[in-house]
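Just below is one structure, and these are the notes that go with it.
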Amino acid sequence: MSSVIISPSALHGTVRVPSSKSAGHRALICAFLSGCSTVNGIDSSQDILATQNALAALQNGDRTVDCHESGSTLRFMIPLAAALGRTVTFVGSGKLPQRPIDEYLRLLPAHGVTCRYNGSLPLTVSGQLQSGVFSVRGDVSSQYITGLLLALPLLDGDSEIRLTTALLSAPYVDMTVKVMRDFGVTVNRTENGFFVKGKQTYQPCAYTVEGDWSQAAFFMAAGALHGPVHVTGLDWHSTQGDREIATILKRFGAALTVTEDGVTVSKAPLHGITVDVSNIPDTAPTVAVLGALASGTTVITGGERLRIKESDRIACVVNNLKKAGIQAQETPDGMIIKGGLPSGADLEGYNDHRIVMAMSVLALAATGRTQISEADSIRKSYPDFFNDYNSLGGKADVIGDRK
C-alpha cells in the first residue's frame with residue numbers, strides 16, 4: 001500500500017470532477033438489461049470496474065461473480081441474478097464480505113430464491129425470483145431498495161416494495177427511478193413505498209453519466225479554505241443528494257457562485273453548524289473537515305450507517321482529527337468537532353477512499369507536513385484525485401510503502 005505526504009498549500013483554479021459513480025452503476029445495469037445501449041462519460045474506478053466485470057460475468061453465464069470491495073455492486077447484483085433465474089456465487093474482498101446483506105437473506109427465500117450463506121461472503125443464490133410484496137426496512141441501506149427496483153420489472157407479475165421504516169438516503173433511490181425512467185422503465189411511488197409493474201422491458205438508449213457531487217465536495221471544501229476553486233461538470237438539477245454540499249458550504253459561510261457548468265467556491269470566514277447527514281452519508285468526512293477548520297463547534301448527526309462503510313467513518317475521522325490536534329468526539333450517530341488549527345501528523349487512511357481524500361483537504365491548512373497511509377484506496381472511486389489536487393497547486397507526493 002502507498003502513502004501520501006502532503007505539505008500545506010492553497011488550491012485554486014479549475015477542475016472537472018469525474019462522472020457520478022452512483023449514476024454510473026445504475027446506468028451500466030440498465031444498459032445491460034436493455035441489451036443494446038451506450039453509456040458515455042464513465043470514469044474508470046475500482047467500484048465501476050467491479051460492476052462492469054459483474055455484468056460481464058452474468059452475460060457470459062459465469063457461476064461466480066466477484067464484487068471486489070463494491071457494496072453497490074453486491075447489493076444491486078444479488079436481486080438481479082435472482083430475477084434472471086441464475087445460480088450465482090457472490091464473492092468479494094476487503095471489508096465487503098462482512099458488510100450486511102440481511103434484508104436480502106430475509107426477503108429472497110420468501111420469493112422463491114435459495115440463499116446459501118454462513119455469515120459472510122461467499123453467498124450463493126439459486127432459483128427464480130417471484131413477484132409479490134417485499135417489505136423492506138428503509139433505514140439500513142437504500143441499496144436494497146435500488147437493487148429490488150432494478151430487478152422487479154423483469155418479473156412476470158407486478159410487485160410492491162413496502163417500506164417498514166422511514167427511507168434514509170432517499171436521493172439515491174430517486175436517482176435509481178430517474179435512470180430507470182431514462183431507459184423506458186417506470187416505477188410508481190405509493191404511500192408506503194413503490195409499485196413496480198412486471199414484464200417491463202429496458203429500452204436501448206445513448207446515456208451520458210453526469211458529474212459526481214460527492215467527489216466535487218472535496219475540492220469545493222478546499223476552495224472555501226483559500227480558493228477560488230471552480231468545479232465543472234456538475235448538473236444543478238441532479239437527483240444526487242450530495243448536491244446538498246453547496247447549501248452546507250453556504251451555511252458554513254463559504255462564498256459560492258453558481259456557473260453554467262458548475263460552481264466556484266472562494267475563501268470566507270467559516271463558522272460551525274449542525275448538519276444531518278442521514279441522506280448524504282458520503283459527504284460526512286468532508287463536512288467533518290470543514291468543521292475542524294471553522295470557528296466554533298460543528299455537530300454531525302444522522303450518520304449511524306457511517307459505521308458500516310469501508311471503515312467506521314465516525315471513529316476513523318474522529319481519530320484522525322485528534323491526531324491533527326483538533327478536539328473531536330464520537331456520538332452514536334455522528335461527531336462533535338471544535339474548530340481549530342490542525343497540525344501536521346501521521347494519519348490513517350483506513351483503506352477508505354473518502355477518509356484519504358477528506359484528510360487531504362485537512363492537510364492543506366495544517367501547520368506542517370501530513371502523511372496519510374493507504375493512499376491508493378482512492379482508486380476505488382477517484383484514481384486521479386491527487387493528479388487533480390496537484391494541478392490546482394496542491395503539494396501531494398504519493399510514495400510506496402515504507403515498511
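Residue numbering restarts at 1 in every chain; chains get A, B, ... in the order shown in the C-alpha cells, and ligands count up from 1 in that same order.
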(Q) Residues within 12 Å of segment 105-112 of chain A, please, as a count of residues only. Count only C-alpha atoms; anything in the same chain fewer than 4 positions from it doesn't count. (A) 39
(Q) Please list as a ChimeraX atom specification every residue within 6 Å of segment 378-393 of chain A, counting only C-alpha atoms and excluding residues in the same chain fewer than 2 positions away. (A) /A:11-13,45-47,353,376,395
Q: Kindly give the distance, in Å, that separates atom CA of Thr264 of chain A and atom CA of Val287 of chain A, rounded to a single decimal.
A: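 Between atom CA of Thr264 of chain A and atom CA of Val287 of chain A the gap is 17.7 Å.
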Q.
Could you tell me how far atom CA of Ile372 of chain A sits from atom CA of Ser7 of chain A, in Å to one decimal place?
A. 11.5 Å
Q: Please identify all polymer residues within 9 Å of Tyr172 of chain A, counting only C-alpha atoms, omitting same-chain residues fewer than 3 positions from it, and present them as a ChimeraX atom specification.
A: /A:22-23,142-143,146,169,175-177,239-241,279
Q: Write out as a ChimeraX atom specification the residues lying within 10 Å of segment 66-70 of chain A, counting only C-alpha atoms and excluding same-chain residues fewer than 4 positions away.
A: /A:46-54,57,74-75,77,89-97,99,122,310,380-381
**Q.** Counting only C-alpha atoms, the option among A:Asp242, A:Asp276, A:Asp156, A:Asp397 closest to Gly211 of chain A
**A.**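 Among the listed residues, A:Asp242 lies closest to Gly211 of chain A.
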Q.
Which of segment 36-240 of chain A end up as strand (DSSP E or B) when DSSP is run on this backbone - answer as JSON, numbers by chain?
A. {"A": [38, 39, 40, 64, 65, 66, 88, 89, 90, 91, 114, 115, 116, 117, 123, 124, 125, 126, 133, 134, 135, 136, 159, 160, 161, 162, 163, 188, 189, 190, 193, 194, 195, 196, 206, 207, 208, 211, 229, 230, 231, 232]}
Q | Selected residue of minimal separation from Thr286 of chain A among A:Ser72, A:Ser360, A:Thr259, A:Thr274, counting only C-alpha atoms | A |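 Of A:Ser72, A:Ser360, A:Thr259, A:Thr274, the one nearest Thr286 of chain A is A:Ser360, counting only C-alpha atoms.
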Q) Interatomic distance between atom CA of Ser278 of chain A and atom CA of Leu341 of chain A? A)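 Computing it gives 27.9 Å between the two atoms.
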Q) Leaving out Ala288 of chain A and any residue of its chain fewer than 5 positions from it, which residues lie within 8 Å of it when counting only C-alpha atoms, given as an MDAnalysis selection string? A) chainID A and resid 298 300 317 335 337
Go ahead and save the residues from that selection, with C-alpha atoms, as a PDB file, in the first residue's frame.
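In the end it all went to part_23.pdb:
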ATOM      1  CA  THR A 298     -19.823  21.638  14.367  1.00  0.00           C
ATOM      2  CA  ILE A 300     -22.836  15.978  12.665  1.00  0.00           C
ATOM      3  CA  VAL A 317     -12.476  10.597  11.172  1.00  0.00           C
ATOM      4  CA  MET A 335     -19.420  13.675  15.726  1.00  0.00           C
ATOM      5  CA  ILE A 337     -15.983  18.895  16.448  1.00  0.00           C
TER       6      ILE A 337
END
Q.
Env of Gly35 of chain A: 12 Å cut, atoms = only C-alpha atoms, seq-sep filter 2 positions within chain, self excluded. Answer as number ranges by chain.
A. A: 28-33, 37-38, 55, 59, 183, 201-205
Among segment 19-151 of chain A, which ones does DSSP place in alpha helix (DSSP H), written as a PDB file with N, CA, C and O atoms, in the first residue's frame?
ATOM      1  N   LYS A  21     -20.242   8.052  -9.703  1.00  0.00           N
ATOM      2  CA  LYS A  21     -20.117   6.608  -9.552  1.00  0.00           C
ATOM      3  C   LYS A  21     -21.490   5.989  -9.322  1.00  0.00           C
ATOM      4  O   LYS A  21     -21.806   4.919  -9.865  1.00  0.00           O
ATOM      5  N   SER A  22     -22.319   6.652  -8.521  1.00  0.00           N
ATOM      6  CA  SER A  22     -23.647   6.116  -8.216  1.00  0.00           C
ATOM      7  C   SER A  22     -24.505   6.013  -9.473  1.00  0.00           C
ATOM      8  O   SER A  22     -25.137   4.980  -9.728  1.00  0.00           O
ATOM      9  N   ALA A  23     -24.513   7.081 -10.268  1.00  0.00           N
ATOM     10  CA  ALA A  23     -25.283   7.047 -11.513  1.00  0.00           C
ATOM     11  C   ALA A  23     -24.675   6.055 -12.486  1.00  0.00           C
ATOM     12  O   ALA A  23     -25.394   5.385 -13.249  1.00  0.00           O
ATOM     13  N   GLY A  24     -23.350   5.932 -12.478  1.00  0.00           N
ATOM     14  CA  GLY A  24     -22.682   5.005 -13.382  1.00  0.00           C
ATOM     15  C   GLY A  24     -23.078   3.562 -13.144  1.00  0.00           C
ATOM     16  O   GLY A  24     -23.347   2.812 -14.097  1.00  0.00           O
ATOM     17  N   HIS A  25     -23.105   3.136 -11.864  1.00  0.00           N
ATOM     18  CA  HIS A  25     -23.553   1.773 -11.551  1.00  0.00           C
ATOM     19  C   HIS A  25     -24.934   1.514 -12.148  1.00  0.00           C
ATOM     20  O   HIS A  25     -25.172   0.484 -12.802  1.00  0.00           O
ATOM     21  N   ARG A  26     -25.842   2.424 -11.913  1.00  0.00           N
ATOM     22  CA  ARG A  26     -27.237   2.243 -12.338  1.00  0.00           C
ATOM     23  C   ARG A  26     -27.364   2.241 -13.856  1.00  0.00           C
ATOM     24  O   ARG A  26     -28.087   1.415 -14.431  1.00  0.00           O
ATOM     25  N   ALA A  27     -26.648   3.151 -14.504  1.00  0.00           N
ATOM     26  CA  ALA A  27     -26.720   3.220 -15.967  1.00  0.00           C
ATOM     27  C   ALA A  27     -26.150   1.967 -16.610  1.00  0.00           C
ATOM     28  O   ALA A  27     -26.707   1.450 -17.593  1.00  0.00           O
ATOM     29  N   LEU A  28     -25.045   1.458 -16.075  1.00  0.00           N
ATOM     30  CA  LEU A  28     -24.450   0.245 -16.638  1.00  0.00           C
ATOM     31  C   LEU A  28     -25.403  -0.937 -16.517  1.00  0.00           C
ATOM     32  O   LEU A  28     -25.524  -1.751 -17.446  1.00  0.00           O
ATOM     33  N   ILE A  29     -26.093  -1.053 -15.384  1.00  0.00           N
ATOM     34  CA  ILE A  29     -27.025  -2.163 -15.192  1.00  0.00           C
ATOM     35  C   ILE A  29     -28.214  -2.032 -16.133  1.00  0.00           C
ATOM     36  O   ILE A  29     -28.632  -3.006 -16.777  1.00  0.00           O
ATOM     37  N   CYS A  30     -28.769  -0.821 -16.235  1.00  0.00           N
ATOM     38  CA  CYS A  30     -29.910  -0.623 -17.140  1.00  0.00           C
ATOM     39  C   CYS A  30     -29.507  -0.869 -18.589  1.00  0.00           C
ATOM     40  O   CYS A  30     -30.276  -1.444 -19.373  1.00  0.00           O
ATOM     41  N   ALA A  31     -28.302  -0.443 -18.960  1.00  0.00           N
ATOM     42  CA  ALA A  31     -27.822  -0.684 -20.324  1.00  0.00           C
ATOM     43  C   ALA A  31     -27.683  -2.172 -20.591  1.00  0.00           C
ATOM     44  O   ALA A  31     -28.047  -2.667 -21.669  1.00  0.00           O
ATOM     45  N   PHE A  32     -27.154  -2.907 -19.621  1.00  0.00           N
ATOM     46  CA  PHE A  32     -27.030  -4.364 -19.748  1.00  0.00           C
ATOM     47  C   PHE A  32     -28.395  -5.006 -19.960  1.00  0.00           C
ATOM     48  O   PHE A  32     -28.575  -5.869 -20.828  1.00  0.00           O
ATOM     49  N   LEU A  33     -29.376  -4.567 -19.179  1.00  0.00           N
ATOM     50  CA  LEU A  33     -30.712  -5.153 -19.267  1.00  0.00           C
ATOM     51  C   LEU A  33     -31.430  -4.752 -20.550  1.00  0.00           C
ATOM     52  O   LEU A  33     -32.334  -5.455 -21.003  1.00  0.00           O
ATOM     53  N   SER A  34     -31.035  -3.636 -21.151  1.00  0.00           N
ATOM     54  CA  SER A  34     -31.658  -3.220 -22.410  1.00  0.00           C
ATOM     55  C   SER A  34     -31.146  -4.037 -23.587  1.00  0.00           C
ATOM     56  O   SER A  34     -31.787  -4.100 -24.633  1.00  0.00           O
ATOM     57  N   GLN A  46     -12.258   1.480  -9.311  1.00  0.00           N
ATOM     58  CA  GLN A  46     -12.365   0.074  -8.940  1.00  0.00           C
ATOM     59  C   GLN A  46     -13.815  -0.348  -8.761  1.00  0.00           C
ATOM     60  O   GLN A  46     -14.192  -1.469  -9.120  1.00  0.00           O
ATOM     61  N   ASP A  47     -14.647   0.516  -8.196  1.00  0.00           N
ATOM     62  CA  ASP A  47     -16.052   0.156  -7.999  1.00  0.00           C
ATOM     63  C   ASP A  47     -16.790   0.011  -9.323  1.00  0.00           C
ATOM     64  O   ASP A  47     -17.587  -0.920  -9.510  1.00  0.00           O
ATOM     65  N   ILE A  48     -16.568   0.947 -10.234  1.00  0.00           N
ATOM     66  CA  ILE A  48     -17.210   0.861 -11.553  1.00  0.00           C
ATOM     67  C   ILE A  48     -16.724  -0.376 -12.294  1.00  0.00           C
ATOM     68  O   ILE A  48     -17.506  -1.101 -12.930  1.00  0.00           O
ATOM     69  N   LEU A  49     -15.430  -0.653 -12.199  1.00  0.00           N
ATOM     70  CA  LEU A  49     -14.891  -1.855 -12.841  1.00  0.00           C
ATOM     71  C   LEU A  49     -15.521  -3.113 -12.254  1.00  0.00           C
ATOM     72  O   LEU A  49     -15.786  -4.087 -12.971  1.00  0.00           O
ATOM     73  N   ALA A  50     -15.798  -3.095 -10.941  1.00  0.00           N
ATOM     74  CA  ALA A  50     -16.443  -4.245 -10.314  1.00  0.00           C
ATOM     75  C   ALA A  50     -17.814  -4.497 -10.921  1.00  0.00           C
ATOM     76  O   ALA A  50     -18.183  -5.647 -11.205  1.00  0.00           O
ATOM     77  N   THR A  51     -18.585  -3.435 -11.149  1.00  0.00           N
ATOM     78  CA  THR A  51     -19.904  -3.603 -11.764  1.00  0.00           C
ATOM     79  C   THR A  51     -19.783  -4.052 -13.218  1.00  0.00           C
ATOM     80  O   THR A  51     -20.524  -4.930 -13.675  1.00  0.00           O
ATOM     81  N   GLN A  52     -18.853  -3.471 -13.954  1.00  0.00           N
ATOM     82  CA  GLN A  52     -18.663  -3.895 -15.342  1.00  0.00           C
ATOM     83  C   GLN A  52     -18.287  -5.373 -15.429  1.00  0.00           C
ATOM     84  O   GLN A  52     -18.813  -6.112 -16.266  1.00  0.00           O
ATOM     85  N   ASN A  53     -17.395  -5.808 -14.553  1.00  0.00           N
ATOM     86  CA  ASN A  53     -16.982  -7.215 -14.560  1.00  0.00           C
ATOM     87  C   ASN A  53     -18.105  -8.136 -14.108  1.00  0.00           C
ATOM     88  O   ASN A  53     -18.258  -9.258 -14.620  1.00  0.00           O
ATOM     89  N   ALA A  54     -18.901  -7.682 -13.139  1.00  0.00           N
ATOM     90  CA  ALA A  54     -20.021  -8.494 -12.670  1.00  0.00           C
ATOM     91  C   ALA A  54     -21.053  -8.682 -13.770  1.00  0.00           C
ATOM     92  O   ALA A  54     -21.599  -9.785 -13.967  1.00  0.00           O
ATOM     93  N   LEU A  55     -21.330  -7.622 -14.515  1.00  0.00           N
ATOM     94  CA  LEU A  55     -22.277  -7.733 -15.631  1.00  0.00           C
ATOM     95  C   LEU A  55     -21.727  -8.633 -16.730  1.00  0.00           C
ATOM     96  O   LEU A  55     -22.474  -9.414 -17.334  1.00  0.00           O
ATOM     97  N   ALA A  56     -20.425  -8.541 -16.977  1.00  0.00           N
ATOM     98  CA  ALA A  56     -19.808  -9.432 -17.968  1.00  0.00           C
ATOM     99  C   ALA A  56     -19.922 -10.882 -17.526  1.00  0.00           C
ATOM    100  O   ALA A  56     -20.154 -11.781 -18.353  1.00  0.00           O
ATOM    101  N   ALA A  57     -19.770 -11.130 -16.214  1.00  0.00           N
ATOM    102  CA  ALA A  57     -19.898 -12.493 -15.703  1.00  0.00           C
ATOM    103  C   ALA A  57     -21.315 -13.018 -15.916  1.00  0.00           C
ATOM    104  O   ALA A  57     -21.513 -14.179 -16.320  1.00  0.00           O
ATOM    105  N   LEU A  58     -22.317 -12.175 -15.652  1.00  0.00           N
ATOM    106  CA  LEU A  58     -23.703 -12.592 -15.892  1.00  0.00           C
ATOM    107  C   LEU A  58     -23.943 -12.827 -17.381  1.00  0.00           C
ATOM    108  O   LEU A  58     -24.626 -13.785 -17.771  1.00  0.00           O
ATOM    109  N   GLN A  59     -23.383 -11.954 -18.204  1.00  0.00           N
ATOM    110  CA  GLN A  59     -23.544 -12.097 -19.654  1.00  0.00           C
ATOM    111  C   GLN A  59     -22.952 -13.407 -20.147  1.00  0.00           C
ATOM    112  O   GLN A  59     -23.516 -14.078 -21.021  1.00  0.00           O
ATOM    113  N   ASN A  60     -21.818 -13.787 -19.557  1.00  0.00           N
ATOM    114  CA  ASN A  60     -21.117 -14.987 -20.000  1.00  0.00           C
ATOM    115  C   ASN A  60     -21.624 -16.265 -19.331  1.00  0.00           C
ATOM    116  O   ASN A  60     -21.126 -17.357 -19.644  1.00  0.00           O
ATOM    117  N   GLY A  71     -19.825  -2.307  -2.385  1.00  0.00           N
ATOM    118  CA  GLY A  71     -21.114  -2.630  -1.786  1.00  0.00           C
ATOM    119  C   GLY A  71     -22.269  -2.416  -2.743  1.00  0.00           C
ATOM    120  O   GLY A  71     -23.232  -3.182  -2.747  1.00  0.00           O
ATOM    121  N   SER A  72     -22.181  -1.370  -3.568  1.00  0.00           N
ATOM    122  CA  SER A  72     -23.241  -1.132  -4.560  1.00  0.00           C
ATOM    123  C   SER A  72     -23.345  -2.297  -5.522  1.00  0.00           C
ATOM    124  O   SER A  72     -24.448  -2.780  -5.824  1.00  0.00           O
ATOM    125  N   THR A  73     -22.203  -2.755  -6.028  1.00  0.00           N
ATOM    126  CA  THR A  73     -22.219  -3.873  -6.971  1.00  0.00           C
ATOM    127  C   THR A  73     -22.880  -5.090  -6.356  1.00  0.00           C
ATOM    128  O   THR A  73     -23.770  -5.706  -6.961  1.00  0.00           O
ATOM    129  N   LEU A  74     -22.507  -5.433  -5.139  1.00  0.00           N
ATOM    130  CA  LEU A  74     -23.061  -6.618  -4.486  1.00  0.00           C
ATOM    131  C   LEU A  74     -24.567  -6.487  -4.282  1.00  0.00           C
ATOM    132  O   LEU A  74     -25.334  -7.382  -4.674  1.00  0.00           O
ATOM    133  N   ARG A  75     -25.004  -5.395  -3.705  1.00  0.00           N
ATOM    134  CA  ARG A  75     -26.424  -5.258  -3.364  1.00  0.00           C
ATOM    135  C   ARG A  75     -27.300  -5.054  -4.586  1.00  0.00           C
ATOM    136  O   ARG A  75     -28.490  -5.345  -4.545  1.00  0.00           O
ATOM    137  N   PHE A  76     -26.735  -4.556  -5.677  1.00  0.00           N
ATOM    138  CA  PHE A  76     -27.518  -4.421  -6.901  1.00  0.00           C
ATOM    139  C   PHE A  76     -27.583  -5.734  -7.670  1.00  0.00           C
ATOM    140  O   PHE A  76     -28.587  -6.047  -8.313  1.00  0.00           O
ATOM    141  N   MET A  77     -26.519  -6.523  -7.606  1.00  0.00           N
ATOM    142  CA  MET A  77     -26.446  -7.740  -8.422  1.00  0.00           C
ATOM    143  C   MET A  77     -27.200  -8.914  -7.819  1.00  0.00           C
ATOM    144  O   MET A  77     -27.657  -9.794  -8.559  1.00  0.00           O
ATOM    145  N   ILE A  78     -27.338  -8.958  -6.524  1.00  0.00           N
ATOM    146  CA  ILE A  78     -27.998 -10.112  -5.894  1.00  0.00           C
ATOM    147  C   ILE A  78     -29.428 -10.282  -6.408  1.00  0.00           C
ATOM    148  O   ILE A  78     -29.778 -11.353  -6.931  1.00  0.00           O
ATOM    149  N   PRO A  79     -30.302  -9.274  -6.306  1.00  0.00           N
ATOM    150  CA  PRO A  79     -31.663  -9.482  -6.826  1.00  0.00           C
ATOM    151  C   PRO A  79     -31.706  -9.577  -8.345  1.00  0.00           C
ATOM    152  O   PRO A  79     -32.608 -10.227  -8.897  1.00  0.00           O
ATOM    153  N   LEU A  80     -30.745  -8.961  -9.025  1.00  0.00           N
ATOM    154  CA  LEU A  80     -30.721  -9.051 -10.485  1.00  0.00           C
ATOM    155  C   LEU A  80     -30.465 -10.483 -10.928  1.00  0.00           C
ATOM    156  O   LEU A  80     -31.171 -11.019 -11.810  1.00  0.00           O
ATOM    157  N   ALA A  81     -29.483 -11.136 -10.314  1.00  0.00           N
ATOM    158  CA  ALA A  81     -29.209 -12.538 -10.644  1.00  0.00           C
ATOM    159  C   ALA A  81     -30.419 -13.403 -10.349  1.00  0.00           C
ATOM    160  O   ALA A  81     -30.755 -14.314 -11.120  1.00  0.00           O
ATOM    161  N   ALA A  82     -31.100 -13.115  -9.238  1.00  0.00           N
ATOM    162  CA  ALA A  82     -32.290 -13.893  -8.866  1.00  0.00           C
ATOM    163  C   ALA A  82     -33.421 -13.667  -9.856  1.00  0.00           C
ATOM    164  O   ALA A  82     -34.154 -14.600 -10.211  1.00  0.00           O
ATOM    165  N   ALA A  83     -33.590 -12.424 -10.326  1.00  0.00           N
ATOM    166  CA  ALA A  83     -34.644 -12.132 -11.299  1.00  0.00           C
ATOM    167  C   ALA A  83     -34.373 -12.820 -12.625  1.00  0.00           C
ATOM    168  O   ALA A  83     -35.307 -13.187 -13.353  1.00  0.00           O
ATOM    169  N   ASP A 102     -28.507  -8.562   5.199  1.00  0.00           N
ATOM    170  CA  ASP A 102     -29.563  -9.254   5.938  1.00  0.00           C
ATOM    171  C   ASP A 102     -30.942  -9.122   5.310  1.00  0.00           C
ATOM    172  O   ASP A 102     -31.735 -10.073   5.345  1.00  0.00           O
ATOM    173  N   GLU A 103     -31.254  -7.953   4.744  1.00  0.00           N
ATOM    174  CA  GLU A 103     -32.582  -7.772   4.169  1.00  0.00           C
ATOM    175  C   GLU A 103     -32.829  -8.760   3.035  1.00  0.00           C
ATOM    176  O   GLU A 103     -33.924  -9.322   2.912  1.00  0.00           O
ATOM    177  N   TYR A 104     -31.831  -9.013   2.208  1.00  0.00           N
ATOM    178  CA  TYR A 104     -31.987  -9.984   1.125  1.00  0.00           C
ATOM    179  C   TYR A 104     -32.112 -11.409   1.665  1.00  0.00           C
ATOM    180  O   TYR A 104     -32.890 -12.215   1.131  1.00  0.00           O
ATOM    181  N   LEU A 105     -31.360 -11.714   2.708  1.00  0.00           N
ATOM    182  CA  LEU A 105     -31.425 -13.066   3.277  1.00  0.00           C
ATOM    183  C   LEU A 105     -32.804 -13.352   3.854  1.00  0.00           C
ATOM    184  O   LEU A 105     -33.235 -14.502   3.903  1.00  0.00           O
ATOM    185  N   ARG A 106     -33.486 -12.314   4.271  1.00  0.00           N
ATOM    186  CA  ARG A 106     -34.845 -12.469   4.790  1.00  0.00           C
ATOM    187  C   ARG A 106     -35.879 -12.475   3.672  1.00  0.00           C
ATOM    188  O   ARG A 106     -36.826 -13.280   3.680  1.00  0.00           O
ATOM    189  N   LEU A 107     -35.693 -11.602   2.680  1.00  0.00           N
ATOM    190  CA  LEU A 107     -36.706 -11.405   1.638  1.00  0.00           C
ATOM    191  C   LEU A 107     -36.688 -12.466   0.545  1.00  0.00           C
ATOM    192  O   LEU A 107     -37.746 -12.994   0.155  1.00  0.00           O
ATOM    193  N   SER A 142     -30.241   2.226   1.419  1.00  0.00           N
ATOM    194  CA  SER A 142     -31.097   2.428   0.252  1.00  0.00           C
ATOM    195  C   SER A 142     -30.699   1.505  -0.895  1.00  0.00           C
ATOM    196  O   SER A 142     -31.464   1.324  -1.841  1.00  0.00           O
ATOM    197  N   GLN A 143     -29.511   0.903  -0.805  1.00  0.00           N
ATOM    198  CA  GLN A 143     -29.067  -0.005  -1.871  1.00  0.00           C
ATOM    199  C   GLN A 143     -29.962  -1.224  -1.998  1.00  0.00           C
ATOM    200  O   GLN A 143     -30.099  -1.784  -3.095  1.00  0.00           O
ATOM    201  N   TYR A 144     -30.583  -1.672  -0.908  1.00  0.00           N
ATOM    202  CA  TYR A 144     -31.534  -2.777  -1.005  1.00  0.00           C
ATOM    203  C   TYR A 144     -32.721  -2.380  -1.883  1.00  0.00           C
ATOM    204  O   TYR A 144     -33.164  -3.161  -2.732  1.00  0.00           O
ATOM    205  N   ILE A 145     -33.234  -1.183  -1.669  1.00  0.00           N
ATOM    206  CA  ILE A 145     -34.389  -0.733  -2.449  1.00  0.00           C
ATOM    207  C   ILE A 145     -33.998  -0.575  -3.907  1.00  0.00           C
ATOM    208  O   ILE A 145     -34.726  -0.995  -4.821  1.00  0.00           O
ATOM    209  N   THR A 146     -32.821   0.009  -4.158  1.00  0.00           N
ATOM    210  CA  THR A 146     -32.362   0.152  -5.543  1.00  0.00           C
ATOM    211  C   THR A 146     -32.206  -1.200  -6.216  1.00  0.00           C
ATOM    212  O   THR A 146     -32.636  -1.394  -7.363  1.00  0.00           O
ATOM    213  N   GLY A 147     -31.590  -2.159  -5.529  1.00  0.00           N
ATOM    214  CA  GLY A 147     -31.423  -3.488  -6.112  1.00  0.00           C
ATOM    215  C   GLY A 147     -32.744  -4.110  -6.517  1.00  0.00           C
ATOM    216  O   GLY A 147     -32.878  -4.679  -7.611  1.00  0.00           O
ATOM    217  N   LEU A 148     -33.730  -4.012  -5.647  1.00  0.00           N
ATOM    218  CA  LEU A 148     -35.055  -4.558  -5.960  1.00  0.00           C
ATOM    219  C   LEU A 148     -35.712  -3.795  -7.107  1.00  0.00           C
ATOM    220  O   LEU A 148     -36.310  -4.394  -8.016  1.00  0.00           O
ATOM    221  N   LEU A 149     -35.630  -2.468  -7.076  1.00  0.00           N
ATOM    222  CA  LEU A 149     -36.254  -1.677  -8.132  1.00  0.00           C
ATOM    223  C   LEU A 149     -35.694  -2.045  -9.503  1.00  0.00           C
ATOM    224  O   LEU A 149     -36.443  -2.140 -10.486  1.00  0.00           O
ATOM    225  N   LEU A 150     -34.412  -2.257  -9.600  1.00  0.00           N
ATOM    226  CA  LEU A 150     -33.797  -2.605 -10.883  1.00  0.00           C
ATOM    227  C   LEU A 150     -34.241  -3.980 -11.373  1.00  0.00           C
ATOM    228  O   LEU A 150     -34.377  -4.204 -12.583  1.00  0.00           O
ATOM    229  N   ALA A 151     -34.487  -4.909 -10.433  1.00  0.00           N
ATOM    230  CA  ALA A 151     -34.778  -6.298 -10.802  1.00  0.00           C
ATOM    231  C   ALA A 151     -36.257  -6.580 -11.010  1.00  0.00           C
ATOM    232  O   ALA A 151     -36.629  -7.377 -11.890  1.00  0.00           O
TER     233      ALA A 151
END
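Using only C-alpha atoms, the nearest neighbour of Trp236 of chain A within the list A:Gly262, A:Pro342, A:Gly157, A:Gly400 is A:Gly262.
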Please identify all polymer residues within 8 Å of Val231 of chain A, counting only C-alpha atoms, omitting same-chain residues fewer than 2 positions from it, and present them as a CSV table (one decimal) with N, CA, C and O atoms, in the first residue's frame.
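Written out: out23.csv:
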chain,number,residue,atom,x,y,z
A,14,THR,N,-9.3,25.6,-11.8
A,14,THR,CA,-10.5,24.8,-12.3
A,14,THR,C,-10.2,23.4,-12.4
A,14,THR,O,-9.1,22.9,-12.8
A,15,VAL,N,-11.2,22.6,-12.0
A,15,VAL,CA,-11.1,21.1,-12.0
A,15,VAL,C,-12.4,20.5,-12.5
A,15,VAL,O,-13.5,21.0,-12.1
A,16,ARG,N,-12.3,19.6,-13.3
A,16,ARG,CA,-13.5,18.8,-13.8
A,16,ARG,C,-13.6,17.5,-13.0
A,16,ARG,O,-12.7,16.7,-13.2
A,17,VAL,N,-14.6,17.3,-12.3
A,17,VAL,CA,-14.7,16.1,-11.4
A,17,VAL,C,-15.2,14.9,-12.3
A,17,VAL,O,-15.8,15.1,-13.4
A,216,ALA,N,-16.9,16.2,-6.0
A,216,ALA,CA,-16.8,17.7,-6.1
A,216,ALA,C,-16.7,18.3,-4.7
A,216,ALA,O,-16.0,19.3,-4.5
A,219,PHE,N,-13.1,19.3,-3.4
A,219,PHE,CA,-12.5,20.5,-4.0
A,219,PHE,C,-13.3,21.7,-3.7
A,219,PHE,O,-12.7,22.8,-3.5
A,220,MET,N,-14.6,21.6,-3.5
A,220,MET,CA,-15.4,22.7,-3.1
A,220,MET,C,-15.0,23.1,-1.6
A,220,MET,O,-14.9,24.3,-1.3
A,229,VAL,N,-11.8,28.0,-6.2
A,229,VAL,CA,-11.8,26.8,-7.0
A,229,VAL,C,-13.0,26.6,-7.8
A,229,VAL,O,-14.1,26.7,-7.2
A,233,GLY,N,-18.5,20.3,-14.6
A,233,GLY,CA,-19.1,19.0,-14.9
A,233,GLY,C,-20.3,18.6,-14.1
A,233,GLY,O,-20.7,17.5,-14.0
A,234,LEU,N,-20.8,19.6,-13.3
A,234,LEU,CA,-21.9,19.3,-12.4
A,234,LEU,C,-23.3,19.8,-12.9
A,234,LEU,O,-23.4,20.8,-13.6
A,262,GLY,N,-21.0,24.5,-13.5
A,262,GLY,CA,-20.6,24.0,-12.1
A,262,GLY,C,-20.7,25.1,-11.1
A,262,GLY,O,-21.8,25.8,-11.0
A,263,VAL,N,-19.7,25.2,-10.3
A,263,VAL,CA,-19.7,26.1,-9.1
A,263,VAL,C,-18.3,26.6,-8.8
A,263,VAL,O,-17.4,25.9,-9.0
A,264,THR,N,-18.2,27.8,-8.3
A,264,THR,CA,-17.0,28.4,-7.8
A,264,THR,C,-17.1,28.7,-6.3
A,264,THR,O,-18.1,29.3,-5.9
